[in-house]
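Working notes, beginning with the structure itself.
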Amino acid sequence: MKLRFLIPLLVLIAGCNTVNNPITDEQKLIVKGEAVEVVNGMIQAMAENNLDLFLELVDNSPDFSMSVAGEVYDYNGIIEMINQVEPLVERQTFETKFEQYVVVDMNCFIYLWKGKNGVYMKSGESTVYENYVFTYAFRKVDDNWKLFMGHESFESELPFDLDMEADEYDEDQD
């Protein structure tokens with residue numbers, strides 16, 4: 001399971017960092033300050049169901065990739081999906097349980113969020129995900145931060161017990 005998350009992370013790092021030059025703690029603070037602003041704007045756009053604000057932060061490029069609800073979208077695909085969903089959603093809520101900013105270099109950062117996500121439909125229906133997770137990778141494009149890769153998922157039950165030793169699992173299968 002850890003390998004499933006390692007490969008996308010390595011792709012994200014490779015997509016951002018063309019030269020492996022270490023950055024200083026001061027430079028990391030500068031990027032993180034900008035990152036906090038960008039992420040707050042992205043979450044505000046999702047909370048208010050503001051498609052225009054959201055699209056200002058998305059990179060319209062062949063590199064763009066987004067995984068949501070088991071599907072993988074390119075830029076045009078995510079626009080199509082958003083256009084289908086946007087008229088149905090009134091708002092979303094986000095309660096942060098965990099967040100992390102990973103500064104890759106001066107032109108790339110990764111944001112990881114876990115928390116409670118409420119989705120409220122115009123029909124009055126709602127769904128609340130207690131443990132929703134998203135990972136967004138941003139890079140600078142023409143001096144603006146743009147989302148170029150993202151993944152969203154929610155907690156689901158695993159088909160095995162992580163506390164069980166491998167030989168115990170084999171015995172249970174017999």
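Identifiers in this document derive from the order of the structure tokens: chains are assigned A, B, ..., residues are numbered from 1 separately in each chain, and ligands are numbered from 1 in order of occurrence.
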Go through region 18-169 of chain A and collect every residue that DSSP, computed from the backbone, puts in helix (DSSP H, G or I); the answer should be as a PyMOL selection string.
-> chain A and resi 25-47+51-56+75-85+166-169
Give me the residues within 6 Å of region 151-160 of chain A as an MDAnalysis selection string, counting only C-alpha atoms and dropping any in the same chain fewer than 3 places off.
-> chainID A and resid 66:68 131:135
Compile the contact shell of region 59-64 of chain A as a CSV table (one decimal) with N, CA, C and O atoms, in the first residue's frame: residues with an atom at most 12 Å away, counting only C-alpha atoms, same-chain residues fewer than 6 positions apart removed.
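Produced file part_30.csv, reproduced below:
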```csv
chain,number,residue,atom,x,y,z
A,11,VAL,N,6.9,10.9,-8.8
A,11,VAL,CA,6.5,11.6,-10.0
A,11,VAL,C,6.3,13.1,-9.8
A,11,VAL,O,6.8,13.9,-10.6
A,12,LEU,N,5.7,13.4,-8.7
A,12,LEU,CA,5.5,14.8,-8.4
A,12,LEU,C,6.9,15.6,-8.2
A,12,LEU,O,7.1,16.7,-8.7
A,15,GLY,N,8.5,16.0,-11.4
A,15,GLY,CA,7.8,17.0,-12.3
A,15,GLY,C,8.1,18.4,-11.8
A,15,GLY,O,8.0,19.4,-12.6
A,16,CYS,N,8.6,18.6,-10.6
A,16,CYS,CA,8.9,20.0,-10.1
A,16,CYS,C,10.3,20.3,-10.3
A,16,CYS,O,10.7,21.4,-10.6
A,72,VAL,N,-9.3,9.2,-13.1
A,72,VAL,CA,-8.1,10.1,-13.3
A,72,VAL,C,-8.5,11.0,-14.5
A,72,VAL,O,-9.0,10.6,-15.5
A,73,TYR,N,-8.3,12.3,-14.3
A,73,TYR,CA,-8.7,13.3,-15.2
A,73,TYR,C,-7.5,14.1,-15.7
A,73,TYR,O,-6.6,14.4,-15.0
A,74,ASP,N,-7.5,14.5,-17.0
A,74,ASP,CA,-6.6,15.5,-17.5
A,74,ASP,C,-7.3,16.9,-17.3
A,74,ASP,O,-8.4,16.9,-16.7
A,75,TYR,N,-6.7,17.9,-17.8
A,75,TYR,CA,-7.3,19.3,-17.6
A,75,TYR,C,-8.8,19.3,-18.2
A,75,TYR,O,-9.7,19.7,-17.5
A,76,ASN,N,-8.9,18.9,-19.4
A,76,ASN,CA,-10.3,19.0,-20.0
A,76,ASN,C,-11.3,18.1,-19.3
A,76,ASN,O,-12.4,18.4,-19.1
A,77,GLY,N,-10.8,16.9,-18.8
A,77,GLY,CA,-11.7,16.0,-18.1
A,77,GLY,C,-12.1,16.6,-16.8
A,77,GLY,O,-13.3,16.4,-16.4
A,78,ILE,N,-11.2,17.2,-16.0
A,78,ILE,CA,-11.6,17.8,-14.8
A,78,ILE,C,-12.6,19.0,-15.0
A,78,ILE,O,-13.5,19.1,-14.2
A,79,ILE,N,-12.4,19.7,-16.0
A,79,ILE,CA,-13.3,20.8,-16.3
A,79,ILE,C,-14.7,20.3,-16.6
A,79,ILE,O,-15.7,20.8,-16.1
A,136,TYR,N,-2.2,17.9,-3.2
A,136,TYR,CA,-2.1,18.8,-4.3
A,136,TYR,C,-0.7,19.2,-4.6
A,136,TYR,O,0.0,19.6,-3.6
A,137,ALA,N,-0.2,19.2,-5.8
A,137,ALA,CA,1.1,19.7,-6.1
A,137,ALA,C,1.0,20.9,-7.0
A,137,ALA,O,0.2,21.0,-8.0
A,138,PHE,N,1.7,22.0,-6.6
A,138,PHE,CA,1.7,23.3,-7.3
A,138,PHE,C,3.1,23.6,-7.8
A,138,PHE,O,4.1,23.2,-7.2
A,139,ARG,N,3.1,24.3,-8.9
A,139,ARG,CA,4.4,24.8,-9.5
A,139,ARG,C,4.1,26.2,-10.0
A,139,ARG,O,3.0,26.6,-10.3
A,140,LYS,N,5.2,27.0,-10.1
A,140,LYS,CA,5.1,28.3,-10.6
A,140,LYS,C,5.1,28.3,-12.1
A,140,LYS,O,5.9,27.7,-12.7
A,141,VAL,N,4.1,29.0,-12.6
A,141,VAL,CA,3.9,29.2,-14.1
A,141,VAL,C,3.7,30.7,-14.3
A,141,VAL,O,2.8,31.3,-13.8
A,142,ASP,N,4.6,31.3,-15.0
A,142,ASP,CA,4.6,32.7,-15.3
A,142,ASP,C,4.4,33.5,-13.9
A,142,ASP,O,3.6,34.4,-13.8
A,144,ASN,N,3.0,32.6,-11.2
A,144,ASN,CA,1.8,32.3,-10.5
A,144,ASN,C,1.8,30.9,-10.1
A,144,ASN,O,2.2,30.0,-10.9
A,145,TRP,N,1.3,30.5,-8.9
A,145,TRP,CA,1.3,29.1,-8.5
A,145,TRP,C,0.0,28.5,-9.1
A,145,TRP,O,-1.1,29.0,-9.1
A,146,LYS,N,0.3,27.3,-9.7
A,146,LYS,CA,-0.8,26.6,-10.4
A,146,LYS,C,-0.8,25.1,-9.9
A,146,LYS,O,0.3,24.5,-9.8
A,147,LEU,N,-2.0,24.6,-9.7
A,147,LEU,CA,-2.1,23.2,-9.4
A,147,LEU,C,-1.9,22.4,-10.6
A,147,LEU,O,-2.5,22.6,-11.7
A,148,PHE,N,-0.9,21.4,-10.6
A,148,PHE,CA,-0.7,20.6,-11.8
A,148,PHE,C,-1.0,19.1,-11.5
A,148,PHE,O,-1.1,18.3,-12.5
A,149,MET,N,-1.1,18.7,-10.3
A,149,MET,CA,-1.4,17.3,-10.0
A,149,MET,C,-2.1,17.3,-8.6
A,149,MET,O,-1.8,18.0,-7.7
A,150,GLY,N,-3.1,16.4,-8.6
A,150,GLY,CA,-3.9,16.3,-7.3
A,150,GLY,C,-4.5,14.9,-7.2
A,150,GLY,O,-4.6,14.1,-8.2
A,151,HIS,N,-4.7,14.5,-6.0
A,151,HIS,CA,-5.4,13.3,-5.6
A,151,HIS,C,-6.3,13.5,-4.5
A,151,HIS,O,-5.9,14.1,-3.5
```
In Å to one decimal, how far is CA of Gln92 (chain A) from CA of Met121 (chain A)?
-> 8.8 Å
Which residues of region 69-97 of chain A have any atom within 10 Å of an atom in region 106-114 of chain A when counting only C-alpha atoms, and what is the closest pair of atoms for each, with the distance in Å to one decimal? Order the rows by chain and rising number and write it as CSV.
```
residue,atom,partner,partner_atom,distance
A:Phe94,CA,A:Lys114,CA,9.3
A:Glu95,CA,A:Lys114,CA,8.5
A:Thr96,CA,A:Lys114,CA,6.2
A:Lys97,CA,A:Lys114,CA,5.7
```
May I have the selected residues written with N, CA, C and O atoms, as a JSON list (two decimals), in the first residue's frame?
```
[["chain", "number", "residue", "atom", "x", "y", "z"],
["A", 94, "PHE", "N", -14.69, 22.29, 5.33],
["A", 94, "PHE", "CA", -13.41, 21.62, 5.56],
["A", 94, "PHE", "C", -12.97, 21.87, 7.00],
["A", 94, "PHE", "O", -12.82, 23.03, 7.40],
["A", 95, "GLU", "N", -12.80, 20.80, 7.77],
["A", 95, "GLU", "CA", -12.27, 20.88, 9.13],
["A", 95, "GLU", "C", -10.95, 20.13, 9.13],
["A", 95, "GLU", "O", -10.92, 18.91, 9.00],
["A", 96, "THR", "N", -9.86, 20.85, 9.30],
["A", 96, "THR", "CA", -8.53, 20.28, 9.20],
["A", 96, "THR", "C", -8.17, 19.46, 10.44],
["A", 96, "THR", "O", -8.27, 19.95, 11.56],
["A", 97, "LYS", "N", -7.72, 18.22, 10.19],
["A", 97, "LYS", "CA", -7.17, 17.38, 11.25],
["A", 97, "LYS", "C", -5.64, 17.31, 11.12],
["A", 97, "LYS", "O", -4.94, 17.15, 12.11]]
```
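Residue nearest Ala45 (chain A) within the list A:Ser65, A:Glu90, A:Lys28, A:Gln84: A:Glu90 [criterion: smallest interatomic distance, only C-alpha atoms].
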Spatial neighbours of Pro87 (chain A), max dist 12 Å, only C-alpha atoms, sep filter under 2 positions, as a ChimeraX atom specification | /A:49-51,81-85,89-91,120-123
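Going from CA of Val36 (chain A) to CA of Asn21 (chain A) covers 22.8 Å.
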Point-to-point distance from CA of Tyr101 (chain A) to CA of Ala35 (chain A), Å rounded to tenths |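 Separation of CA of Tyr101 (chain A) and CA of Ala35 (chain A): 7.8 Å.
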All strand (DSSP E) residues (DSSP, backbone) inside chain A, as an MDAnalysis selection string | chainID A and resid 65:68 71:73 89:105 108:121 126:141 144:154
Closest of A:Gly33, A:Val104, A:Asn117, A:Gln27 to Glu130 (chain A) - atom-to-atom distances counting only C-alpha atoms =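 Checking each candidate against Glu130 (chain A), we get A:Asn117 as the closest.
Nearest-residue note for Glu125 (chain A): choosing from A:Asp163, A:Leu88, A:Asn40, A:Leu55, the minimum distance belongs to A:Leu88, counting only C-alpha atoms.
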Pick from A:Asp161, A:Asp105, A:Thr127, A:Gly115 nearest to Leu29 (chain A), counting only C-alpha atoms |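 Using only C-alpha atoms, the shortest distance to Leu29 (chain A) belongs to A:Asp105.
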